[in-house]
Amino acid sequence: MADTKPFPLNAWYAAAWSHEIEHALAPRTVCEKDVVLYRRTDGQVAALEDACWHRLVPLSLGWLDGDQVVCGYHGLVFNAAGRCTYMPAQKTINPSACVRAFPVAERHRLVWLWPGDPALADPAKIPDFHWNDGTEWVGEGGTYYGLKCDYRLIIDNLMDLTHETYVHAGSIGHDAITDTPFGVTHTDTTATVTRWMRGIEPPPFWAKNLGKPGLVDRWQVIRFEAPSIVAGDVGVAPVGTGAPEGDRSQGVNGFFLAAITPETGRTCHYFWNFVRAFHKEDEALTRSIQLAHANDGKGLYDQDVTVLEAQQRAIDKNPRTPFYNLNIDAGALWARRLIDRMLAAEERQATPLAGAAAE
Amino acid sequence: MADTKPFPLNAWYAAAWSHEIEHALAPRTVCEKDVVLYRRTDGQVAALEDACWHRLVPLSLGWLDGDQVVCGYHGLVFNAAGRCTYMPAQKTINPSACVRAFPVAERHRLVWLWPGDPALADPAKIPDFHWNDGTEWVGEGGTYYGLKCDYRLIIDNLMDLTHETYVHAGSIGHDAITDTPFGVTHTDTTATVTRWMRGIEPPPFWAKNLGKPGLVDRWQVIRFEAPSIVAGDVGVAPVGTGAPEGDRSQGVNGFFLAAITPETGRTCHYFWNFVRAFHKEDEALTRSIQLAHANDGKGLYDQDVTVLEAQQRAIDKNPRTPFYNLNIDAGALWARRLIDRMLAAEERQATPLAGAAAE
Amino acid sequence: MADTKPFPLNAWYAAAWSHEIEHALAPRTVCEKDVVLYRRTDGQVAALEDACWHRLVPLSLGWLDGDQVVCGYHGLVFNAAGRCTYMPAQKTINPSACVRAFPVAERHRLVWLWPGDPALADPAKIPDFHWNDGTEWVGEGGTYYGLKCDYRLIIDNLMDLTHETYVHAGSIGHDAITDTPFGVTHTDTTATVTRWMRGIEPPPFWAKNLGKPGLVDRWQVIRFEAPSIVAGDVGVAPVGTGAPEGDRSQGVNGFFLAAITPETGRTCHYFWNFVRAFHKEDEALTRSIQLAHANDGKGLYDQDVTVLEAQQRAIDKNPRTPFYNLNIDAGALWARRLIDRMLAAEERQATPLAGAAAE
């Protein structure tokens with residue numbers, strides 16, 4: 001695992017929030033590929049390799065001329081397809097002079113980038129992240145850029161919410177999470193962990209937003225979509241109002257959303273949000289939920305970051321130590337299994353003649 | 001030497017001052033092993049591997065529940081023997097689930113840890129450091145944690161006090177140190193350098209504490225105990241009062257004490273003290289001696305640190321350069337020889353069938 | 001290229017400005033060799049290996065005793081030839097105890113050091129840098145010590161001034177540079193790029209210093225001397241006054257000067273100056289030109305540093321990517337070819353029996 005990349009390349013990864021990409025050059029590293037993003041004058045987002053064909057200087061140090069990027073060193077110009085359209089002091093342009101253009105698409109308020117084979121970049125494969133649209137569900141999230149851990153450690157974290165009991169003791173943690181059994185289902189591209197805590201005292205956040213006294217049924221239905229999307233359907237409803245059977249109309253419901261993008265094998269970008277279908281007009285609530293998650297080291301997710309980065313440092317020190325797994329890891333194990341399948345499939349594609357060559 | 005660890009594992013190393021270890025989790029790295037120390041409710045010190053069996057998160061990020069450690073990520077609990085006693089959401093505990101427990105003992109105001117084979121951890125082998133007890137000899141020292149050099153460079157430094165003439169020119173340095181011959185003796189586990197400077201002007205520190213005019217006999221008897229303890233018997237007595245022959249009753253006497261613990265092959269923890277048998281009630285003197293040694297970069301030992309870390313950086317740049325030795329290095333060479341013997345013995349133990357396998 | 005050093009050792013490299021070397025120890029790293037420089041009492045500059053023979057501690061941590069260097073650890077003394085003349089506590093000095101002494105010479109206000117075979121260090125080979133003498137040409141430069149790029153990237157930069165149009169857009173940049181053809185000539189040790197921009201509007205700097213209205217002929221004649229000296233003859237003269245034909249008497253003329261010294265394979269020291277033959281008494285102009293080049297991140301050369309260090313980081317990430325070249329790189333390619341010849345010659349010298357051994 002130390003030798004191979006831990007991320008598939010033929011996948012859509014969140015590279016930026018849509019609102020971050022304007023008519024200006026924005027560098028990002030996705031799956032160890034340096035990319036420069038910018039919004040064209042027609043509103044489309046373009047993504048080019050962030051290294052000039054000529055001498056590798058980052059194009060993001062240059063500037064835009066209309067929809068083309070001018071290298072800030074010697075002035076080579078590249079269009080949004082990555083083709084060089086101007087070279088200083090010569091009329092003939094080397095037809096091979098181009099930088100890589102990455103498939104890119106905007107959806108669900110995010111810019112998605114495909115770092116692998118462009119021929120395979122089907123927009124239909126963009127993961128389901130519709131809860132982030134800002135329409136049916138409301139919320140404002142954020143990004144941890146360059147978080148210092150393997151992106152899969154965050155998936156592990158989110159696929160097993162027993163960690164809330166410990167990492168987030170005193171806020172959303174609750175012994176009921178740990179005490180309640182859960183189920184795991186999966187498809188070829190998704191794994192889902194479902195836990196129903198029936199007839200429990202609601203934790204403070206949910207009690208307040210439900211606004212009704214008494215015990216509740218609490219649910220956590222966490223859906224992973226390979227290779228790096230997690231959407232967690234969470235909420236409570238008064239006990240006996242039929243939520244476990246499908247009628248959540250008396251309850252309150254939210255989703256935690258995570259699009260986790262490998263930056264390198266040991267760092268990642270974590271685009272997160274928490275969206276809700278209740279008190280949707282309450283902007284102060286939106287802001288307070290955002291701050292509850294990430295707040296300069298004091299938010300819930302900040303607590304996770306501390307643990308995750310410490311875990312990565314420990315892994316770096318113990319490279320050969322295998323992980324041991326508990327029952328609670330069943331969801332995370334399915335997520336990793338789906339990632340491993342994607343990696344194995346890419347490996348086979350990359351060496352199509354390996355079998356023939358050995359004959 | 002770059003490939004093998006420069007420290008034996010089957011040895012007691014100082015890991016902390018006793019007063020530093022309370023009923024709370026204290027991380028340390030000893031011989032490249034991450035350890036978490038804590039004092040149990042019965043007053044004993046426990047030392048566990050600082051990486052949860054489950055997913056390697058440092059246990060020191062968690063908390064104590066009585067005498068057990070709770071992992072701060074998923075709540076696994078380990079007792080002071082390292083055995084897992086609780087796993088979240090499962091009743092059956094994997095019997096192999098444990099973290100390593102390190103033999104640990106308190107003696108001479110320090111906590112000693114044995115990073116090697118626990119079956120060999122005999123408390124009788126704790127090095128002689130009784131001068132640090134706080135009874136017969138008085139003094140307060142300190143620790144350089146994470147000092148950026150191979151622990152053996154400090155041993156070299158202390159086994160040859162001619163460096164005082166140069167590194168500590170202007171304070172304890174004295175040409176007499178360099179000019180006076182010395183003898184070296186050794187046993188299987190110790191090496192001792194003895195130097196008597198007879199009939200010299202006492203340096204200011206000793207003149208003041210002796211409180212008598214005239215020339216003195218000055219002694220430095222430095223004892224190394226493998227692999228990493230140095231105790232230096234130093235003092236002066238008025239010339240002609242019999243100190244060289246054994247009667248030090250007219251003089252003043254102290255010990256510099258060093259317990260040097262490898263953190264990694266290139267960093268160490270340096271537990272130091274200077275204790276004395278004179279003016280024992282004078283707490284202001286205790287404090288002034290402490291500050292004279294380590295004082296935010298301005299103390300005597302701070303001067304050594306500057307040299308030692310520069311020396312390590314030079315070694316890192318010149319990995320194949322052998323050291324050259326002078327006569328003054330006779331004591332340090334014996335110390336290194338004793339360490340090398342311990343390393344060779346461990347190497348033989350680690351590969352008991354190497355000979356057989358080759359047959 | 002990653003395995004072999006990218007710099008010849010048998011060459012004179014600028015190690016310091018003359019005024020920087022006084023009767024005190026000054027450390028430098030040149031071609032991965034740690035050196036300590038100092039001025040002897042007779043005014044000559046000495047250069048010794050900056051690592052004591054005994055235990056590698058940097059001699060630059062010690063002090064001077066007359067013209068000899070005292071090691072700050074154990075007091076070994078080395079004379080300016082690198083021979084040990086004193087060892088503590090022993091009368092016989094090991095005759096092999098010495099540190100390397102490097103050939104060094106002062107010329108053109110710089111201290112030049114030869115890191116290779118001393119037998120080959122012919123002062124006649126010191127590169128031509130006479131414009132820096134402070135006599136015929138006037139100017140005060142500076143040094144970027146430890147600039148984080150391969151020294152050859154600066155040579156590339158200076159041998160192709162089309163970069164001015166982009167990196168220095170808004171100051172000395174000018175489309176004419178890019179639009180005008182140039183010629184390249186070379187000898188065994190030099191490469192020269194010549195560009196004449198005839199009948200153009202002078203850029204602001206030159207217009208002001210020429211002090212005459214109207215169009216100008218502008219020249220840039222850039223001379224590289226292997227392995228790492230660049231001197232650029234630049235200026236303007238009123239159009240029609242014969243400058244292209246050789247009569248520059250009506251114009252204004254300066255030189256940009258660069259002595260670029262490898263510190264490591266990926267860092268260098270960049271000694272620069274801009275000297276002029278006009279308004280030579282105007283010290284405010286001297287100072288303003290100096291600040292225009294390097295001014296705490298805001299100068300012309302500071303802009304280059306940003307680009308060069310980013311380029312090196314990109315090269316580090318893409319070690320196998322070859323550079324592609326444009327017509328504008330013709331001068332830089334010749335410079336690199338001359339360096340490569342020096343490297344190949346050293347390689348042959350270093351393995352004189354390689355052919356015989358293979359037979």
# chains A, B, ... in the order shown; residues from 1 in each chain; ligands from 1
call {"tool": "closest_atom_pairs", "arguments": {"of": "chain C", "to": "chain B", "cutoff": "7 Å", "atoms": "only C-alpha atoms", "output": "Markdown table"}}
result
| residue | atom | partner | partner_atom | distance |
| --- | --- | --- | --- | --- |
| C:Trp53 | CA | B:Tyr324 | CA | 6.8 |
| C:His54 | CA | B:Tyr324 | CA | 4.9 |
| C:Arg55 | CA | B:Phe323 | CA | 5.5 |
| C:Leu56 | CA | B:Ala314 | CA | 6.0 |
| C:Val57 | CA | B:Gln311 | CA | 4.6 |
| C:Pro58 | CA | B:Ala310 | CA | 6.9 |
| C:Gly72 | CA | B:Tyr166 | CA | 5.6 |
| C:Tyr73 | CA | B:Val167 | CA | 5.5 |
| C:His74 | CA | B:His163 | CA | 4.7 |
| C:Gly75 | CA | B:Tyr166 | CA | 5.9 |
| C:Pro88 | CA | B:Thr178 | CA | 5.9 |
| C:Ala89 | CA | B:Thr178 | CA | 5.2 |
| C:Gln90 | CA | B:Asn327 | CA | 6.8 |
call {"tool": "select_by_dssp", "arguments": {"residues": "segment 223-286 of chain A", "states": "alpha helix (DSSP H)", "output": "ChimeraX atom specification"}}
result
/A:283-286
call {"tool": "write_last_selection", "arguments": {"atoms": "C-alpha atoms", "output": "PDB file, in the first residue's frame"}}
result
ATOM      1  CA  GLU A 283     -29.932  32.170   9.087  1.00  0.00           C
ATOM      2  CA  ALA A 284     -28.602  32.503  12.602  1.00  0.00           C
ATOM      3  CA  LEU A 285     -29.180  28.785  13.045  1.00  0.00           C
ATOM      4  CA  THR A 286     -27.369  28.129   9.767  1.00  0.00           C
TER       5      THR A 286
END
call {"tool": "closest_atom_pairs", "arguments": {"of": "segment 233-325 of chain A", "to": "segment 211-220 of chain A", "cutoff": "7 Å", "atoms": "only C-alpha atoms", "output": "tab-separated table"}}
result
residue	atom	partner	partner_atom	distance
A:Asp233	CA	A:Gln220	CA	5.7
A:Val234	CA	A:Gln220	CA	4.6
A:Gly235	CA	A:Trp219	CA	5.6
A:Val236	CA	A:Arg218	CA	4.3
A:Ala237	CA	A:Val216	CA	5.3
A:Pro238	CA	A:Val216	CA	4.3
A:Val239	CA	A:Val216	CA	4.4
call {"tool": "select_by_dssp", "arguments": {"residues": "segment 73-225 of chain B", "states": "strand (DSSP E or B)", "output": "CSV table (one decimal) with N, CA and C atoms, in the first residue's frame"}}
result
chain,number,residue,atom,x,y,z
B,77,VAL,N,-11.0,0.3,25.9
B,77,VAL,CA,-10.4,0.5,27.2
B,77,VAL,C,-9.3,-0.6,27.4
B,78,PHE,N,-8.1,-0.1,27.9
B,78,PHE,CA,-7.0,-1.0,28.2
B,78,PHE,C,-6.6,-0.9,29.6
B,83,ARG,N,-4.1,-5.0,28.4
B,83,ARG,CA,-5.1,-5.9,27.9
B,83,ARG,C,-6.4,-5.0,27.7
B,84,CYS,N,-7.1,-5.3,26.5
B,84,CYS,CA,-8.3,-4.6,26.2
B,84,CYS,C,-9.4,-5.2,27.1
B,85,THR,N,-10.2,-4.3,27.8
B,85,THR,CA,-11.2,-4.7,28.6
B,85,THR,C,-12.6,-4.3,28.2
B,86,TYR,N,-12.6,-3.5,27.1
B,86,TYR,CA,-13.9,-3.0,26.6
B,86,TYR,C,-13.7,-2.6,25.2
B,98,CYS,N,-4.6,-6.3,22.6
B,98,CYS,CA,-3.9,-5.6,23.7
B,98,CYS,C,-2.8,-4.7,23.1
B,101,ALA,N,2.7,-3.5,27.2
B,101,ALA,CA,2.9,-2.8,28.5
B,101,ALA,C,4.4,-2.9,28.7
B,104,VAL,N,8.4,-0.9,34.1
B,104,VAL,CA,8.7,0.5,34.5
B,104,VAL,C,8.9,0.4,36.0
B,105,ALA,N,9.8,1.3,36.5
B,105,ALA,CA,10.1,1.3,37.9
B,105,ALA,C,10.5,2.7,38.3
B,106,GLU,N,10.3,3.1,39.5
B,106,GLU,CA,10.7,4.4,40.0
B,106,GLU,C,11.9,4.2,41.0
B,107,ARG,N,12.9,5.0,40.8
B,107,ARG,CA,14.0,4.9,41.7
B,107,ARG,C,14.8,6.2,41.5
B,110,LEU,N,13.4,9.3,39.6
B,110,LEU,CA,13.2,9.1,38.1
B,110,LEU,C,12.3,7.9,37.9
B,111,VAL,N,11.6,8.0,36.7
B,111,VAL,CA,10.8,6.8,36.3
B,111,VAL,C,11.7,6.1,35.2
B,112,TRP,N,12.0,4.9,35.4
B,112,TRP,CA,12.8,4.1,34.5
B,112,TRP,C,12.0,3.2,33.7
B,113,LEU,N,12.3,3.1,32.4
B,113,LEU,CA,11.5,2.2,31.5
B,113,LEU,C,12.4,1.3,30.7
B,138,VAL,N,22.1,17.1,47.5
B,138,VAL,CA,21.0,18.1,47.3
B,138,VAL,C,21.2,18.7,45.9
B,142,GLY,N,17.0,19.1,35.6
B,142,GLY,CA,16.0,19.4,34.6
B,142,GLY,C,16.1,18.4,33.5
B,143,THR,N,15.5,18.6,32.4
B,143,THR,CA,15.5,17.7,31.3
B,143,THR,C,15.5,18.5,30.0
B,144,TYR,N,16.4,18.2,29.1
B,144,TYR,CA,16.3,18.6,27.7
B,144,TYR,C,15.5,17.5,27.0
B,145,TYR,N,14.3,17.6,26.8
B,145,TYR,CA,13.5,16.6,26.0
B,145,TYR,C,13.8,16.9,24.5
B,146,GLY,N,14.0,15.8,23.8
B,146,GLY,CA,14.1,15.9,22.3
B,146,GLY,C,15.3,16.7,21.8
B,147,LEU,N,16.4,16.6,22.6
B,147,LEU,CA,17.6,17.2,22.2
B,147,LEU,C,18.1,16.6,20.9
B,182,PHE,N,45.2,12.0,33.0
B,182,PHE,CA,44.1,11.3,33.6
B,182,PHE,C,44.2,9.8,33.4
B,183,GLY,N,43.5,9.0,34.2
B,183,GLY,CA,43.5,7.6,34.1
B,183,GLY,C,42.1,7.1,33.8
B,184,VAL,N,42.1,6.0,33.1
B,184,VAL,CA,40.8,5.3,32.7
B,184,VAL,C,40.8,3.9,33.3
B,185,THR,N,39.8,3.5,34.0
B,185,THR,CA,39.6,2.1,34.4
B,185,THR,C,38.2,1.7,33.9
B,186,HIS,N,38.0,0.4,33.9
B,186,HIS,CA,36.7,-0.1,33.5
B,186,HIS,C,36.3,-1.4,34.1
B,190,THR,N,31.0,-0.5,33.4
B,190,THR,CA,31.3,0.9,33.8
B,190,THR,C,32.7,1.3,33.2
B,191,ALA,N,32.8,2.5,33.0
B,191,ALA,CA,34.2,3.1,32.7
B,191,ALA,C,34.3,4.3,33.5
B,192,THR,N,35.5,4.5,34.0
B,192,THR,CA,35.7,5.7,34.9
B,192,THR,C,37.0,6.4,34.5
B,193,VAL,N,36.8,7.7,34.4
B,193,VAL,CA,38.0,8.6,34.1
B,193,VAL,C,38.3,9.4,35.4
B,194,THR,N,39.6,9.4,35.8
B,194,THR,CA,40.0,10.1,37.0
B,194,THR,C,41.1,11.1,36.7
B,195,ARG,N,40.8,12.3,37.1
B,195,ARG,CA,41.8,13.4,36.9
B,195,ARG,C,42.0,14.2,38.2
B,196,TRP,N,43.2,14.3,38.7
B,196,TRP,CA,43.5,15.1,39.8
B,196,TRP,C,44.4,16.3,39.4
B,197,MET,N,43.9,17.5,39.7
B,197,MET,CA,44.7,18.7,39.4
B,197,MET,C,45.2,19.2,40.8
B,198,ARG,N,46.4,19.0,41.0
B,198,ARG,CA,47.0,19.3,42.3
B,198,ARG,C,47.6,20.7,42.4
B,199,GLY,N,47.3,21.3,43.5
B,199,GLY,CA,47.9,22.6,43.8
B,199,GLY,C,47.6,23.7,42.8
B,200,ILE,N,46.3,23.8,42.4
B,200,ILE,CA,46.0,24.8,41.4
B,200,ILE,C,45.1,25.9,42.1
B,216,VAL,N,44.3,24.6,45.8
B,216,VAL,CA,43.5,23.5,46.1
B,216,VAL,C,44.0,22.3,45.3
B,217,ASP,N,43.5,21.1,45.7
B,217,ASP,CA,43.6,19.9,44.9
B,217,ASP,C,42.2,19.8,44.3
B,218,ARG,N,42.0,19.6,43.0
B,218,ARG,CA,40.7,19.5,42.4
B,218,ARG,C,40.6,18.2,41.7
B,219,TRP,N,39.4,17.5,41.9
B,219,TRP,CA,39.3,16.2,41.3
B,219,TRP,C,38.0,16.2,40.4
B,220,GLN,N,38.1,15.3,39.4
B,220,GLN,CA,37.0,15.0,38.5
B,220,GLN,C,37.1,13.4,38.3
B,221,VAL,N,36.2,12.7,38.8
B,221,VAL,CA,36.1,11.3,38.7
B,221,VAL,C,34.8,10.9,38.1
B,222,ILE,N,34.8,10.6,36.8
B,222,ILE,CA,33.6,10.5,36.0
B,222,ILE,C,33.3,9.1,35.7
B,223,ARG,N,32.2,8.6,36.1
B,223,ARG,CA,31.8,7.2,36.0
B,223,ARG,C,30.7,7.0,35.0
B,224,PHE,N,30.9,6.2,34.0
B,224,PHE,CA,29.9,5.9,33.0
B,224,PHE,C,29.3,4.5,33.4
B,225,GLU,N,28.0,4.4,33.3
B,225,GLU,CA,27.4,3.0,33.5
B,225,GLU,C,26.6,2.8,32.2
call {"tool": "residues_around", "arguments": {"residues": "Leu338 of chain B", "least_positions_apart": "4", "cutoff": "9 Å", "atoms": "only C-alpha atoms", "output": "list in words"}}
result
Asp188, Thr189, Thr190, Ala191, Glu225, Ala226, Pro227, Leu333, Trp334, Met342 and Leu343 of chain B
call {"tool": "write_last_selection", "arguments": {"atoms": "all heavy atoms", "output": "PDB file, in the first residue's frame"}}
result
ATOM      1  N   ASP B 188      32.917  -4.517  33.421  1.00  0.00           N
ATOM      2  CA  ASP B 188      32.071  -4.977  32.314  1.00  0.00           C
ATOM      3  C   ASP B 188      30.962  -3.992  31.979  1.00  0.00           C
ATOM      4  O   ASP B 188      30.416  -3.999  30.873  1.00  0.00           O
ATOM      5  CB  ASP B 188      31.415  -6.324  32.680  1.00  0.00           C
ATOM      6  CG  ASP B 188      32.389  -7.463  32.521  1.00  0.00           C
ATOM      7  OD1 ASP B 188      33.513  -7.232  32.037  1.00  0.00           O
ATOM      8  OD2 ASP B 188      32.021  -8.607  32.887  1.00  0.00           O
ATOM      9  N   THR B 189      30.578  -3.154  32.939  1.00  0.00           N
ATOM     10  CA  THR B 189      29.443  -2.258  32.703  1.00  0.00           C
ATOM     11  C   THR B 189      29.767  -0.793  32.958  1.00  0.00           C
ATOM     12  O   THR B 189      28.926   0.063  32.710  1.00  0.00           O
ATOM     13  CB  THR B 189      28.261  -2.642  33.622  1.00  0.00           C
ATOM     14  OG1 THR B 189      28.730  -2.609  34.983  1.00  0.00           O
ATOM     15  CG2 THR B 189      27.736  -4.032  33.305  1.00  0.00           C
ATOM     16  N   THR B 190      30.959  -0.502  33.447  1.00  0.00           N
ATOM     17  CA  THR B 190      31.279   0.892  33.757  1.00  0.00           C
ATOM     18  C   THR B 190      32.663   1.255  33.213  1.00  0.00           C
ATOM     19  O   THR B 190      33.529   0.396  33.014  1.00  0.00           O
ATOM     20  CB  THR B 190      31.297   1.167  35.280  1.00  0.00           C
ATOM     21  OG1 THR B 190      32.390   0.446  35.858  1.00  0.00           O
ATOM     22  CG2 THR B 190      29.993   0.743  35.932  1.00  0.00           C
ATOM     23  N   ALA B 191      32.839   2.539  32.996  1.00  0.00           N
ATOM     24  CA  ALA B 191      34.152   3.095  32.650  1.00  0.00           C
ATOM     25  C   ALA B 191      34.329   4.346  33.483  1.00  0.00           C
ATOM     26  O   ALA B 191      33.374   5.124  33.646  1.00  0.00           O
ATOM     27  CB  ALA B 191      34.233   3.425  31.164  1.00  0.00           C
ATOM     28  N   GLU B 225      28.012   4.377  33.317  1.00  0.00           N
ATOM     29  CA  GLU B 225      27.432   3.044  33.453  1.00  0.00           C
ATOM     30  C   GLU B 225      26.610   2.780  32.205  1.00  0.00           C
ATOM     31  O   GLU B 225      25.715   3.569  31.859  1.00  0.00           O
ATOM     32  CB  GLU B 225      26.572   2.951  34.721  1.00  0.00           C
ATOM     33  CG  GLU B 225      26.018   1.546  34.918  1.00  0.00           C
ATOM     34  CD  GLU B 225      25.334   1.367  36.276  1.00  0.00           C
ATOM     35  OE1 GLU B 225      25.510   2.219  37.163  1.00  0.00           O
ATOM     36  OE2 GLU B 225      24.614   0.364  36.421  1.00  0.00           O
ATOM     37  N   ALA B 226      26.925   1.696  31.526  1.00  0.00           N
ATOM     38  CA  ALA B 226      26.291   1.413  30.236  1.00  0.00           C
ATOM     39  C   ALA B 226      24.799   1.133  30.414  1.00  0.00           C
ATOM     40  O   ALA B 226      24.408   0.517  31.408  1.00  0.00           O
ATOM     41  CB  ALA B 226      26.974   0.205  29.587  1.00  0.00           C
ATOM     42  N   PRO B 227      23.974   1.571  29.478  1.00  0.00           N
ATOM     43  CA  PRO B 227      24.386   2.231  28.249  1.00  0.00           C
ATOM     44  C   PRO B 227      24.365   3.747  28.298  1.00  0.00           C
ATOM     45  O   PRO B 227      24.858   4.356  27.371  1.00  0.00           O
ATOM     46  CB  PRO B 227      23.325   1.749  27.239  1.00  0.00           C
ATOM     47  CG  PRO B 227      22.096   1.608  28.068  1.00  0.00           C
ATOM     48  CD  PRO B 227      22.557   1.158  29.436  1.00  0.00           C
ATOM     49  N   LEU B 333      35.838   6.418  24.525  1.00  0.00           N
ATOM     50  CA  LEU B 333      36.000   5.205  23.719  1.00  0.00           C
ATOM     51  C   LEU B 333      35.606   3.971  24.513  1.00  0.00           C
ATOM     52  O   LEU B 333      34.979   3.052  23.978  1.00  0.00           O
ATOM     53  CB  LEU B 333      37.440   5.091  23.219  1.00  0.00           C
ATOM     54  CG  LEU B 333      37.784   6.069  22.099  1.00  0.00           C
ATOM     55  CD1 LEU B 333      39.266   5.949  21.741  1.00  0.00           C
ATOM     56  CD2 LEU B 333      36.913   5.798  20.876  1.00  0.00           C
ATOM     57  N   TRP B 334      35.965   3.950  25.807  1.00  0.00           N
ATOM     58  CA  TRP B 334      35.546   2.821  26.625  1.00  0.00           C
ATOM     59  C   TRP B 334      34.030   2.780  26.789  1.00  0.00           C
ATOM     60  O   TRP B 334      33.409   1.715  26.727  1.00  0.00           O
ATOM     61  CB  TRP B 334      36.233   2.844  27.995  1.00  0.00           C
ATOM     62  CG  TRP B 334      37.443   1.945  27.972  1.00  0.00           C
ATOM     63  CD1 TRP B 334      38.742   2.314  28.008  1.00  0.00           C
ATOM     64  CD2 TRP B 334      37.414   0.509  27.843  1.00  0.00           C
ATOM     65  NE1 TRP B 334      39.561   1.208  27.904  1.00  0.00           N
ATOM     66  CE2 TRP B 334      38.762   0.082  27.808  1.00  0.00           C
ATOM     67  CE3 TRP B 334      36.411  -0.438  27.738  1.00  0.00           C
ATOM     68  CZ2 TRP B 334      39.131  -1.253  27.679  1.00  0.00           C
ATOM     69  CZ3 TRP B 334      36.762  -1.774  27.609  1.00  0.00           C
ATOM     70  CH2 TRP B 334      38.106  -2.169  27.580  1.00  0.00           C
ATOM     71  N   MET B 342      26.977  -4.299  24.264  1.00  0.00           N
ATOM     72  CA  MET B 342      25.547  -4.550  24.522  1.00  0.00           C
ATOM     73  C   MET B 342      24.800  -4.731  23.204  1.00  0.00           C
ATOM     74  O   MET B 342      23.936  -5.609  23.078  1.00  0.00           O
ATOM     75  CB  MET B 342      24.932  -3.382  25.297  1.00  0.00           C
ATOM     76  CG  MET B 342      25.422  -3.256  26.735  1.00  0.00           C
ATOM     77  SD  MET B 342      24.578  -1.912  27.645  1.00  0.00           S
ATOM     78  CE  MET B 342      22.972  -2.672  27.949  1.00  0.00           C
ATOM     79  N   LEU B 343      25.126  -3.896  22.228  1.00  0.00           N
ATOM     80  CA  LEU B 343      24.460  -3.996  20.923  1.00  0.00           C
ATOM     81  C   LEU B 343      24.766  -5.337  20.264  1.00  0.00           C
ATOM     82  O   LEU B 343      23.878  -5.989  19.704  1.00  0.00           O
ATOM     83  CB  LEU B 343      24.900  -2.844  20.014  1.00  0.00           C
ATOM     84  CG  LEU B 343      24.396  -1.455  20.415  1.00  0.00           C
ATOM     85  CD1 LEU B 343      25.110  -0.371  19.609  1.00  0.00           C
ATOM     86  CD2 LEU B 343      22.886  -1.355  20.177  1.00  0.00           C
TER      87      LEU B 343
END
call {"tool": "atom_distance", "arguments": {"atom1": "atom CA of Cys52 of chain A", "atom2": "atom CA of Cys71 of chain A"}}
result
6.8 Å
call {"tool": "atom_distance", "arguments": {"atom1": "atom CA of Gly331 of chain A", "atom2": "atom CA of Leu48 of chain B"}}
result
29.4 Å
call {"tool": "decode", "arguments": {"residues": "segment 217-225 of chain B", "atoms": "N, CA and C atoms", "output": "JSON list (two decimals), in the first residue's frame"}}
result
[["chain", "number", "residue", "atom", "x", "y", "z"],
["B", 217, "ASP", "N", 43.55, 21.12, 45.71],
["B", 217, "ASP", "CA", 43.57, 19.93, 44.85],
["B", 217, "ASP", "C", 42.15, 19.78, 44.30],
["B", 218, "ARG", "N", 42.05, 19.64, 42.99],
["B", 218, "ARG", "CA", 40.73, 19.53, 42.35],
["B", 218, "ARG", "C", 40.60, 18.15, 41.73],
["B", 219, "TRP", "N", 39.44, 17.54, 41.87],
["B", 219, "TRP", "CA", 39.26, 16.21, 41.26],
["B", 219, "TRP", "C", 38.03, 16.15, 40.36],
["B", 220, "GLN", "N", 38.15, 15.28, 39.38],
["B", 220, "GLN", "CA", 37.03, 14.95, 38.47],
["B", 220, "GLN", "C", 37.09, 13.44, 38.27],
["B", 221, "VAL", "N", 36.15, 12.74, 38.84],
["B", 221, "VAL", "CA", 36.11, 11.29, 38.70],
["B", 221, "VAL", "C", 34.78, 10.95, 38.05],
["B", 222, "ILE", "N", 34.84, 10.62, 36.79],
["B", 222, "ILE", "CA", 33.61, 10.52, 35.99],
["B", 222, "ILE", "C", 33.34, 9.06, 35.70],
["B", 223, "ARG", "N", 32.17, 8.62, 36.11],
["B", 223, "ARG", "CA", 31.83, 7.22, 36.00],
["B", 223, "ARG", "C", 30.68, 7.05, 35.02],
["B", 224, "PHE", "N", 30.90, 6.25, 34.00],
["B", 224, "PHE", "CA", 29.87, 5.90, 33.02],
["B", 224, "PHE", "C", 29.35, 4.52, 33.37],
["B", 225, "GLU", "N", 28.01, 4.38, 33.32],
["B", 225, "GLU", "CA", 27.43, 3.04, 33.45],
["B", 225, "GLU", "C", 26.61, 2.78, 32.21]]
